[in-house]
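**Q** Supplied structure: structure30.pdb, PDB, C-alpha atoms, pLDDT in the B column.
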```
ATOM      1  CA  MET A 250     -55.970 -16.838-111.738  1.00 51.00           C
ATOM      2  CA  ASN A 251     -56.085 -13.422-110.093  1.00 50.00           C
ATOM      3  CA  ARG A 252     -59.159 -11.508-111.301  1.00 52.00           C
ATOM      4  CA  SER A 253     -57.293  -8.224-111.832  1.00 54.00           C
ATOM      5  CA  PHE A 254     -54.643 -10.028-113.848  1.00 44.00           C
ATOM      6  CA  LEU A 255     -57.334 -11.661-116.001  1.00 50.00           C
ATOM      7  CA  THR A 256     -58.894  -8.230-116.597  1.00 52.00           C
ATOM      8  CA  PHE A 257     -55.520  -6.875-117.656  1.00 41.00           C
ATOM      9  CA  VAL A 258     -54.985  -9.793-120.069  1.00 41.00           C
ATOM     10  CA  LEU A 259     -58.431  -9.260-121.610  1.00 49.00           C
ATOM     11  CA  PHE A 260     -57.708  -5.546-121.990  1.00 40.00           C
ATOM     12  CA  CYS A 261     -54.418  -6.343-123.791  1.00 40.00           C
ATOM     13  CA  LEU A 262     -56.205  -8.802-126.086  1.00 42.00           C
ATOM     14  CA  LEU A 263     -58.858  -6.228-126.941  1.00 43.00           C
ATOM     15  CA  LEU A 264     -56.221  -3.583-127.592  1.00 39.00           C
ATOM     16  CA  ALA A 265     -54.287  -5.957-129.860  1.00 40.00           C
ATOM     17  CA  SER A 266     -57.510  -6.870-131.685  1.00 41.00           C
ATOM     18  CA  PHE A 267     -58.421  -3.225-132.293  1.00 40.00           C
ATOM     19  CA  SER A 268     -54.865  -2.507-133.447  1.00 41.00           C
ATOM     20  CA  ALA A 269     -54.948  -5.447-135.875  1.00 40.00           C
ATOM     21  CA  LEU A 270     -58.354  -4.314-137.162  1.00 38.00           C
ATOM     22  CA  GLY A 271     -57.000  -0.798-137.697  1.00 42.00           C
ATOM     23  CA  VAL A 272     -54.033  -2.115-139.668  1.00 43.00           C
ATOM     24  CA  TRP A 273     -56.336  -4.262-141.795  1.00 38.00           C
ATOM     25  CA  LEU A 274     -58.727  -1.387-142.504  1.00 48.00           C
ATOM     26  CA  ILE A 275     -56.295   1.446-143.257  1.00 58.00           C
ATOM     27  CA  GLY A 276     -53.037  -0.337-144.087  1.00 79.00           C
ATOM     28  CA  PRO A 277     -49.839  -0.693-142.070  1.00 87.00           C
ATOM     29  CA  SER A 278     -48.250   2.578-143.218  1.00 89.00           C
ATOM     30  CA  VAL A 279     -51.251   4.725-142.305  1.00 92.00           C
ATOM     31  CA  ALA A 280     -51.751   2.799-139.048  1.00 89.00           C
ATOM     32  CA  ALA A 281     -48.101   3.465-138.186  1.00 90.00           C
ATOM     33  CA  ILE A 282     -48.792   7.211-138.335  1.00 92.00           C
ATOM     34  CA  ALA A 283     -51.852   6.808-136.118  1.00 87.00           C
ATOM     35  CA  PHE A 284     -49.893   4.860-133.482  1.00 87.00           C
ATOM     36  CA  ASP A 285     -46.711   6.961-133.644  1.00 86.00           C
ATOM     37  CA  GLY A 286     -47.010  10.101-131.533  1.00 85.00           C
ATOM     38  CA  GLU A 287     -44.264  12.013-133.340  1.00 89.00           C
ATOM     39  CA  ARG A 288     -45.703  11.522-136.810  1.00 90.00           C
ATOM     40  CA  ARG A 289     -49.282  11.845-135.580  1.00 92.00           C
ATOM     41  CA  ASP A 290     -48.737  15.213-133.895  1.00 96.00           C
ATOM     42  CA  ASN A 291     -46.271  16.928-136.255  1.00 96.00           C
ATOM     43  CA  PRO A 292     -46.540  18.248-139.849  1.00 97.00           C
ATOM     44  CA  TYR A 293     -46.708  15.592-142.542  1.00 97.00           C
ATOM     45  CA  TYR A 294     -46.234  15.982-146.292  1.00 98.00           C
ATOM     46  CA  VAL A 295     -47.891  13.936-149.015  1.00 97.00           C
ATOM     47  CA  VAL A 296     -46.897  13.614-152.671  1.00 97.00           C
ATOM     48  CA  ARG A 297     -49.867  12.444-154.754  1.00 96.00           C
ATOM     49  CA  LEU A 298     -49.323  10.915-158.200  1.00 94.00           C
ATOM     50  CA  VAL A 299     -52.186   9.954-160.509  1.00 91.00           C
ATOM     51  CA  SER A 300     -51.684   7.761-163.574  1.00 88.00           C
ATOM     52  CA  ALA A 301     -53.810   5.987-166.164  1.00 85.00           C
ATOM     53  CA  PRO A 302     -53.266   3.251-168.772  1.00 79.00           C
ATOM     54  CA  LEU A 303     -51.816   4.445-172.060  1.00 76.00           C
ATOM     55  CA  GLY A 304     -54.601   5.328-174.463  1.00 70.00           C
ATOM     56  CA  GLY A 305     -57.160   5.688-171.657  1.00 64.00           C
ATOM     57  CA  ALA A 306     -56.185   8.920-169.986  1.00 59.00           C
ATOM     58  CA  GLN A 307     -59.596   9.644-168.375  1.00 68.00           C
ATOM     59  CA  THR A 308     -58.510  13.251-167.925  1.00 75.00           C
ATOM     60  CA  ASP A 309     -62.022  14.469-167.024  1.00 81.00           C
ATOM     61  CA  VAL A 310     -62.334  11.863-164.267  1.00 84.00           C
ATOM     62  CA  ALA A 311     -58.810  12.656-163.052  1.00 85.00           C
ATOM     63  CA  ALA A 312     -59.609  16.377-162.868  1.00 87.00           C
ATOM     64  CA  SER A 313     -62.815  15.687-160.923  1.00 88.00           C
ATOM     65  CA  ILE A 314     -60.993  13.366-158.506  1.00 89.00           C
ATOM     66  CA  ARG A 315     -58.248  15.951-158.051  1.00 90.00           C
ATOM     67  CA  ARG A 316     -60.787  18.598-157.039  1.00 92.00           C
ATOM     68  CA  THR A 317     -62.518  16.184-154.664  1.00 94.00           C
ATOM     69  CA  PHE A 318     -59.222  15.191-153.085  1.00 94.00           C
ATOM     70  CA  LEU A 319     -58.262  18.821-152.435  1.00 95.00           C
ATOM     71  CA  GLU A 320     -61.673  19.475-150.888  1.00 96.00           C
ATOM     72  CA  LEU A 321     -61.290  16.457-148.585  1.00 96.00           C
ATOM     73  CA  ALA A 322     -57.740  17.479-147.659  1.00 97.00           C
ATOM     74  CA  GLY A 323     -58.925  21.027-146.966  1.00 97.00           C
ATOM     75  CA  ASN A 324     -61.621  19.707-144.631  1.00 96.00           C
ATOM     76  CA  ASP A 325     -58.789  18.248-142.523  1.00 96.00           C
ATOM     77  CA  GLU A 326     -56.576  21.354-142.764  1.00 97.00           C
ATOM     78  CA  GLY A 327     -54.471  20.037-145.652  1.00 97.00           C
ATOM     79  CA  SER A 328     -53.040  22.738-147.923  1.00 97.00           C
ATOM     80  CA  LEU A 329     -51.756  22.462-151.476  1.00 96.00           C
ATOM     81  CA  LEU A 330     -48.116  23.567-151.771  1.00 95.00           C
ATOM     82  CA  TRP A 331     -47.483  22.678-155.427  1.00 94.00           C
ATOM     83  CA  GLN A 332     -49.024  20.855-158.339  1.00 92.00           C
ATOM     84  CA  SER A 333     -47.754  19.948-161.758  1.00 91.00           C
ATOM     85  CA  GLY A 334     -48.789  21.045-165.167  1.00 85.00           C
ATOM     86  CA  ALA A 335     -47.508  18.790-167.953  1.00 84.00           C
ATOM     87  CA  LEU A 336     -45.671  15.614-166.930  1.00 90.00           C
ATOM     88  CA  ASP A 337     -43.250  13.540-169.002  1.00 91.00           C
ATOM     89  CA  VAL A 338     -41.964  10.163-167.781  1.00 91.00           C
ATOM     90  CA  VAL A 339     -38.291  10.150-168.792  1.00 90.00           C
ATOM     91  CA  GLN A 340     -37.527   6.764-167.263  1.00 87.00           C
ATOM     92  CA  GLY A 341     -39.899   4.178-165.851  1.00 82.00           C
ATOM     93  CA  SER A 342     -42.981   2.189-166.775  1.00 71.00           C
ATOM     94  CA  VAL A 343     -44.271   2.666-170.334  1.00 65.00           C
ATOM     95  CA  LEU A 344     -47.581   0.985-169.489  1.00 67.00           C
ATOM     96  CA  ARG A 345     -49.115   4.019-167.792  1.00 74.00           C
ATOM     97  CA  GLN A 346     -49.006   7.778-168.226  1.00 83.00           C
ATOM     98  CA  LEU A 347     -48.792  10.216-165.349  1.00 87.00           C
ATOM     99  CA  LEU A 348     -51.617  12.758-165.368  1.00 88.00           C
ATOM    100  CA  HIS A 349     -50.706  15.012-162.462  1.00 88.00           C
ATOM    101  CA  ALA A 350     -48.661  15.348-159.278  1.00 94.00           C
ATOM    102  CA  GLN A 351     -49.370  17.325-156.121  1.00 95.00           C
ATOM    103  CA  LEU A 352     -47.625  18.182-152.853  1.00 96.00           C
ATOM    104  CA  ILE A 353     -49.904  18.637-149.828  1.00 97.00           C
ATOM    105  CA  ARG A 354     -49.074  19.653-146.269  1.00 98.00           C
ATOM    106  CA  PHE A 355     -51.051  18.481-143.248  1.00 98.00           C
ATOM    107  CA  PRO A 356     -50.365  20.354-139.964  1.00 98.00           C
ATOM    108  CA  ARG A 357     -50.456  16.990-138.182  1.00 97.00           C
ATOM    109  CA  GLY A 358     -50.140  13.439-139.444  1.00 96.00           C
ATOM    110  CA  GLY A 359     -53.252  12.561-137.482  1.00 95.00           C
ATOM    111  CA  LEU A 360     -55.291  14.833-139.746  1.00 96.00           C
ATOM    112  CA  LEU A 361     -54.076  12.884-142.781  1.00 96.00           C
ATOM    113  CA  VAL A 362     -55.169   9.631-141.108  1.00 95.00           C
ATOM    114  CA  GLN A 363     -58.518  11.267-140.378  1.00 94.00           C
ATOM    115  CA  MET A 364     -58.959  12.126-144.059  1.00 96.00           C
ATOM    116  CA  LEU A 365     -57.892   8.674-145.310  1.00 95.00           C
ATOM    117  CA  THR A 366     -60.361   6.948-142.996  1.00 93.00           C
ATOM    118  CA  SER A 367     -63.303   9.236-143.778  1.00 94.00           C
ATOM    119  CA  SER A 368     -66.388   8.079-145.648  1.00 94.00           C
ATOM    120  CA  GLY A 369     -65.818  10.841-148.214  1.00 95.00           C
ATOM    121  CA  TYR A 370     -62.348   9.522-149.060  1.00 94.00           C
ATOM    122  CA  ARG A 371     -63.600   5.948-149.389  1.00 93.00           C
ATOM    123  CA  ALA A 372     -66.387   7.168-151.694  1.00 94.00           C
ATOM    124  CA  MET A 373     -63.823   8.996-153.830  1.00 93.00           C
ATOM    125  CA  GLU A 374     -61.688   5.846-154.134  1.00 90.00           C
ATOM    126  CA  ARG A 375     -64.692   3.966-155.520  1.00 89.00           C
ATOM    127  CA  GLN A 376     -64.862   6.511-158.377  1.00 88.00           C
ATOM    128  CA  LEU A 377     -61.283   6.011-159.579  1.00 86.00           C
ATOM    129  CA  GLY A 378     -62.089   3.531-162.361  1.00 82.00           C
ATOM    130  CA  GLY A 379     -58.861   2.800-164.237  1.00 81.00           C
ATOM    131  CA  LEU A 380     -56.914   5.549-162.484  1.00 87.00           C
ATOM    132  CA  ASP A 381     -54.039   4.608-160.211  1.00 88.00           C
ATOM    133  CA  VAL A 382     -53.252   6.851-157.231  1.00 91.00           C
ATOM    134  CA  GLN A 383     -50.050   6.766-155.238  1.00 93.00           C
ATOM    135  CA  LEU A 384     -49.716   8.639-151.956  1.00 95.00           C
ATOM    136  CA  LEU A 385     -46.160   9.034-150.692  1.00 96.00           C
ATOM    137  CA  GLY A 386     -45.515  10.477-147.243  1.00 96.00           C
ATOM    138  CA  SER A 387     -42.610  12.317-145.635  1.00 96.00           C
ATOM    139  CA  VAL A 388     -41.991  14.034-142.304  1.00 96.00           C
ATOM    140  CA  GLU A 389     -39.277  16.268-143.792  1.00 96.00           C
ATOM    141  CA  THR A 390     -40.290  19.820-144.717  1.00 96.00           C
ATOM    142  CA  PRO A 391     -39.765  20.602-148.426  1.00 96.00           C
ATOM    143  CA  PRO A 392     -38.485  23.960-149.704  1.00 94.00           C
ATOM    144  CA  GLN A 393     -40.780  26.113-151.828  1.00 92.00           C
ATOM    145  CA  PHE A 394     -41.222  24.738-155.357  1.00 92.00           C
ATOM    146  CA  SER A 395     -41.014  27.508-157.954  1.00 89.00           C
ATOM    147  CA  PRO A 396     -43.981  27.600-160.383  1.00 86.00           C
ATOM    148  CA  GLU A 397     -41.803  29.322-163.005  1.00 88.00           C
ATOM    149  CA  ARG A 398     -39.136  26.625-163.021  1.00 93.00           C
ATOM    150  CA  THR A 399     -39.003  22.980-164.129  1.00 95.00           C
ATOM    151  CA  GLN A 400     -38.801  20.147-161.611  1.00 96.00           C
ATOM    152  CA  ILE A 401     -37.456  16.634-162.068  1.00 96.00           C
ATOM    153  CA  LEU A 402     -39.078  14.155-159.693  1.00 96.00           C
ATOM    154  CA  VAL A 403     -37.016  11.029-159.066  1.00 94.00           C
ATOM    155  CA  LEU A 404     -38.674   8.148-157.212  1.00 94.00           C
ATOM    156  CA  LEU A 405     -36.183   5.546-156.023  1.00 91.00           C
ATOM    157  CA  ARG A 406     -36.262   2.089-154.561  1.00 89.00           C
ATOM    158  CA  LEU A 407     -32.813   1.836-153.021  1.00 86.00           C
ATOM    159  CA  ARG A 408     -31.119  -1.439-152.240  1.00 81.00           C
ATOM    160  CA  ASP A 409     -29.967   0.152-148.984  1.00 75.00           C
ATOM    161  CA  PRO A 410     -32.627   2.672-147.834  1.00 66.00           C
ATOM    162  CA  VAL A 411     -30.335   4.234-145.207  1.00 65.00           C
ATOM    163  CA  GLN A 412     -27.544   5.046-147.655  1.00 67.00           C
ATOM    164  CA  SER A 413     -27.036   8.808-147.330  1.00 63.00           C
ATOM    165  CA  GLN A 414     -25.718   9.813-150.773  1.00 75.00           C
ATOM    166  CA  PRO A 415     -26.663   7.061-153.265  1.00 75.00           C
ATOM    167  CA  LEU A 416     -26.661   9.475-156.229  1.00 85.00           C
ATOM    168  CA  GLY A 417     -23.615  11.547-155.348  1.00 84.00           C
ATOM    169  CA  VAL A 418     -23.122  15.129-154.219  1.00 86.00           C
ATOM    170  CA  PRO A 419     -24.144  18.151-156.366  1.00 86.00           C
ATOM    171  CA  GLY A 420     -21.093  20.004-157.654  1.00 83.00           C
ATOM    172  CA  GLU A 421     -18.762  17.220-156.525  1.00 87.00           C
ATOM    173  CA  SER A 422     -19.386  13.644-157.637  1.00 87.00           C
ATOM    174  CA  GLY A 423     -21.857  11.026-158.815  1.00 89.00           C
ATOM    175  CA  TRP A 424     -25.057  11.378-160.821  1.00 92.00           C
ATOM    176  CA  LEU A 425     -25.815  14.745-159.222  1.00 92.00           C
ATOM    177  CA  GLY A 426     -22.262  16.024-159.623  1.00 93.00           C
ATOM    178  CA  ASN A 427     -22.878  18.267-162.629  1.00 94.00           C
ATOM    179  CA  VAL A 428     -26.404  19.494-161.728  1.00 95.00           C
ATOM    180  CA  PRO A 429     -25.100  23.020-160.855  1.00 95.00           C
ATOM    181  CA  SER A 430     -23.357  23.231-164.258  1.00 95.00           C
ATOM    182  CA  PHE A 431     -26.809  23.231-165.886  1.00 96.00           C
ATOM    183  CA  GLY A 432     -28.273  25.803-163.511  1.00 95.00           C
ATOM    184  CA  GLY A 433     -30.022  23.183-161.405  1.00 95.00           C
ATOM    185  CA  GLN A 434     -30.227  22.510-157.706  1.00 94.00           C
ATOM    186  CA  THR A 435     -31.232  19.648-155.434  1.00 93.00           C
ATOM    187  CA  LEU A 436     -34.489  20.944-154.009  1.00 93.00           C
ATOM    188  CA  TRP A 437     -35.643  18.053-151.802  1.00 95.00           C
ATOM    189  CA  GLN A 438     -34.159  14.671-150.993  1.00 92.00           C
ATOM    190  CA  THR A 439     -36.167  12.713-148.442  1.00 93.00           C
ATOM    191  CA  PRO A 440     -37.052   9.198-147.309  1.00 93.00           C
ATOM    192  CA  ILE A 441     -40.663   8.405-148.166  1.00 95.00           C
ATOM    193  CA  THR A 442     -43.335   5.952-147.084  1.00 94.00           C
ATOM    194  CA  VAL A 443     -45.865   4.508-149.530  1.00 95.00           C
ATOM    195  CA  LEU A 444     -49.274   5.226-147.992  1.00 94.00           C
ATOM    196  CA  ARG A 445     -51.377   4.176-150.973  1.00 91.00           C
ATOM    197  CA  GLY A 446     -50.450   2.398-154.201  1.00 85.00           C
ATOM    198  CA  ALA A 447     -47.649   0.127-155.345  1.00 77.00           C
ATOM    199  CA  GLY A 448     -44.012   0.686-156.224  1.00 74.00           C
ATOM    200  CA  GLY A 449     -42.158   0.125-152.984  1.00 85.00           C
ATOM    201  CA  TRP A 450     -40.460   3.540-153.270  1.00 92.00           C
ATOM    202  CA  ASN A 451     -38.329   4.573-150.295  1.00 91.00           C
ATOM    203  CA  ARG A 452     -36.623   7.797-151.441  1.00 93.00           C
ATOM    204  CA  LEU A 453     -37.767  10.903-153.315  1.00 95.00           C
ATOM    205  CA  LEU A 454     -35.428  13.358-154.994  1.00 94.00           C
ATOM    206  CA  VAL A 455     -36.613  16.664-156.489  1.00 96.00           C
ATOM    207  CA  LEU A 456     -34.300  18.681-158.732  1.00 96.00           C
ATOM    208  CA  GLU A 457     -35.169  22.140-160.021  1.00 96.00           C
ATOM    209  CA  PHE A 458     -33.927  23.828-163.218  1.00 96.00           C
ATOM    210  CA  ALA A 459     -34.558  27.182-164.827  1.00 95.00           C
ATOM    211  CA  ASP A 460     -36.561  25.632-167.661  1.00 94.00           C
ATOM    212  CA  GLU A 461     -37.295  22.400-169.518  1.00 94.00           C
ATOM    213  CA  HIS A 462     -34.398  22.938-171.933  1.00 95.00           C
ATOM    214  CA  GLN A 463     -31.848  23.023-169.104  1.00 96.00           C
ATOM    215  CA  ALA A 464     -33.420  20.032-167.381  1.00 96.00           C
ATOM    216  CA  ARG A 465     -33.320  17.915-170.545  1.00 96.00           C
ATOM    217  CA  ALA A 466     -29.790  19.081-171.326  1.00 97.00           C
ATOM    218  CA  TRP A 467     -28.671  17.774-167.926  1.00 97.00           C
ATOM    219  CA  LEU A 468     -30.515  14.463-168.359  1.00 96.00           C
ATOM    220  CA  GLU A 469     -28.958  13.899-171.802  1.00 95.00           C
ATOM    221  CA  ASP A 470     -25.430  15.040-170.947  1.00 95.00           C
ATOM    222  CA  PRO A 471     -22.890  12.199-171.466  1.00 95.00           C
ATOM    223  CA  GLN A 472     -21.508  12.611-167.945  1.00 94.00           C
ATOM    224  CA  THR A 473     -25.012  12.407-166.471  1.00 94.00           C
ATOM    225  CA  VAL A 474     -25.795   9.269-168.474  1.00 93.00           C
ATOM    226  CA  THR A 475     -22.537   7.591-167.409  1.00 93.00           C
ATOM    227  CA  GLU A 476     -22.922   8.477-163.738  1.00 92.00           C
ATOM    228  CA  GLN A 477     -26.543   7.359-163.759  1.00 91.00           C
ATOM    229  CA  ALA A 478     -25.484   3.923-165.025  1.00 90.00           C
ATOM    230  CA  ILE A 479     -22.996   3.712-162.136  1.00 89.00           C
ATOM    231  CA  ALA A 480     -25.573   4.906-159.592  1.00 88.00           C
ATOM    232  CA  GLU A 481     -28.045   2.252-160.735  1.00 86.00           C
ATOM    233  CA  ARG A 482     -25.937  -0.344-158.944  1.00 85.00           C
ATOM    234  CA  ASN A 483     -27.443   1.058-155.748  1.00 82.00           C
ATOM    235  CA  LEU A 484     -31.005   1.015-157.105  1.00 85.00           C
ATOM    236  CA  ARG A 485     -33.659  -1.613-157.477  1.00 86.00           C
ATOM    237  CA  GLU A 486     -35.895   0.718-159.476  1.00 88.00           C
ATOM    238  CA  ALA A 487     -36.207   4.362-160.495  1.00 89.00           C
ATOM    239  CA  LEU A 488     -38.917   6.564-161.968  1.00 92.00           C
ATOM    240  CA  ILE A 489     -37.776   9.892-163.438  1.00 94.00           C
ATOM    241  CA  VAL A 490     -40.447  12.465-164.283  1.00 94.00           C
ATOM    242  CA  LEU A 491     -40.077  15.903-165.844  1.00 94.00           C
ATOM    243  CA  ALA A 492     -42.677  18.254-164.348  1.00 93.00           C
ATOM    244  CA  GLN A 493     -43.819  21.729-165.302  1.00 84.00           C
ATOM    245  CA  GLY A 494     -45.255  23.752-162.434  1.00 73.00           C
ATOM    246  CA  ALA A 495     -48.855  24.920-162.492  1.00 71.00           C
ATOM    247  CA  GLY A 496     -48.806  27.695-159.948  1.00 55.00           C
ATOM    248  CA  ALA A 497     -47.595  28.397-156.430  1.00 45.00           C
ATOM    249  CA  PHE A 498     -49.713  27.965-153.338  1.00 45.00           C
ATOM    250  CA  GLY A 499     -49.590  29.013-149.695  1.00 44.00           C
ATOM    251  CA  ARG A 500     -47.587  27.086-147.130  1.00 43.00           C
TER     252      ARG A 500
END
```
Can you present the structure in this file as structure tokens?
**A**
Amino acid sequence: MNRSFLTFVLFCLLLASFSALGVWLIGPSVAAIAFDGERRDNPYYVVRLVSAPLGGAQTDVAASIRRTFLELAGNDEGSLLWQSGALDVVQGSVLRQLLHAQLIRFPRGGLLVQMLTSSGYRAMERQLGGLDVQLLGSVETPPQFSPERTQILVLLRLRDPVQSQPLGVPGESGWLGNVPSFGGQTLWQTPITVLRGAGGWNRLLVLEFADEHQARAWLEDPQTVTEQAIAERNLREALIVLAQGAGAFGR
């Protein structure tokens, strides 16, 4: 066998081994960012959800972990765009309660990978106890979330992830058809990747209303309820969360 060819084969084997080790250490979704030049070198957005078992909120631990996470993100140029105040799960698991949600921007996806693979982040994960943390990533830039308004976060696991309008069109048809009638708007609708945690979510929808009263009025409207039942034919699972803003932050 030609010596140069053997060297090339050994190089390929080493590269494959290091790639496999990277996937095993940081997970396939995070590794995909590291190996994908477009996601690695362009802005990346992370939605962070923290939950706890019912009756064991661990709010002090959650607050401490939240501060640590923001410090770690800041060390890698991550900036907080929005975070929730009170959260109410309208539809979804009744076994856990959501404690807080955050939206963080990283100037480059590679900086997020750097944070997730740092010793500080691994140390923080060891302090979670009974807390569950989900990190959901998107390459699509979100609009500004208003801290004075109420947001509805809708996590979806679609049967067909590439379907463009699974919930209808605001002001026209489907589950979102009558959102404008209640003073709401579709703020962000984006494919997402689960970076940490379970759920298998592949789409995030954010609706924004003037206040909680308007948001609940839309959710409970008979037309909304009927259209949601129809839309659920396209869904494997959905989590609907009513969120109150807790302040605006720089972009």
**Q** I need the residue set behind the PyMOL selection byres ((chain A and resi 353) around 6) for this file; please write it as a ChimeraX atom specification.
**A** /A:294-295,328-330,352,354
**Q** When you count only C-alpha atoms, which of these residues is closest to Pro356 of chain A: A:Ala487, A:Ala322, A:Ala301, A:Leu468?
**A**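 Of A:Ala487, A:Ala322, A:Ala301, A:Leu468, the one nearest Pro356 of chain A is A:Ala322, counting only C-alpha atoms.
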**Q** Starting from the PyMOL selection byres ((chain A and resi 397) around 10), expand the selection into actual residues of this file and give them as a list in words.
**A**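 Evaluating the PyMOL selection byres ((chain A and resi 397) around 10) on these coordinates yields Phe394, Ser395, Pro396, Arg398, Thr399, Gln400, Phe458, Ala459, Asp460, Gln493, Gly494, Ala495, Gly496 and Ala497 of chain A.
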**Q** Env of Leu298 of chain A: 6 Å cut, atoms = all atoms listed in the file, seq-sep filter 4 positions within chain, self excluded. Answer as a list in words.
**A** Ala350, Val382 and Gln383 of chain A
**Q** With distances taken over only C-alpha atoms, which residue among A:Tyr293, A:Phe318, A:Phe284, A:Trp467 lies nearest Gly432 of chain A?
**A**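 Under the stated criterion, the closest residue is A:Trp467.
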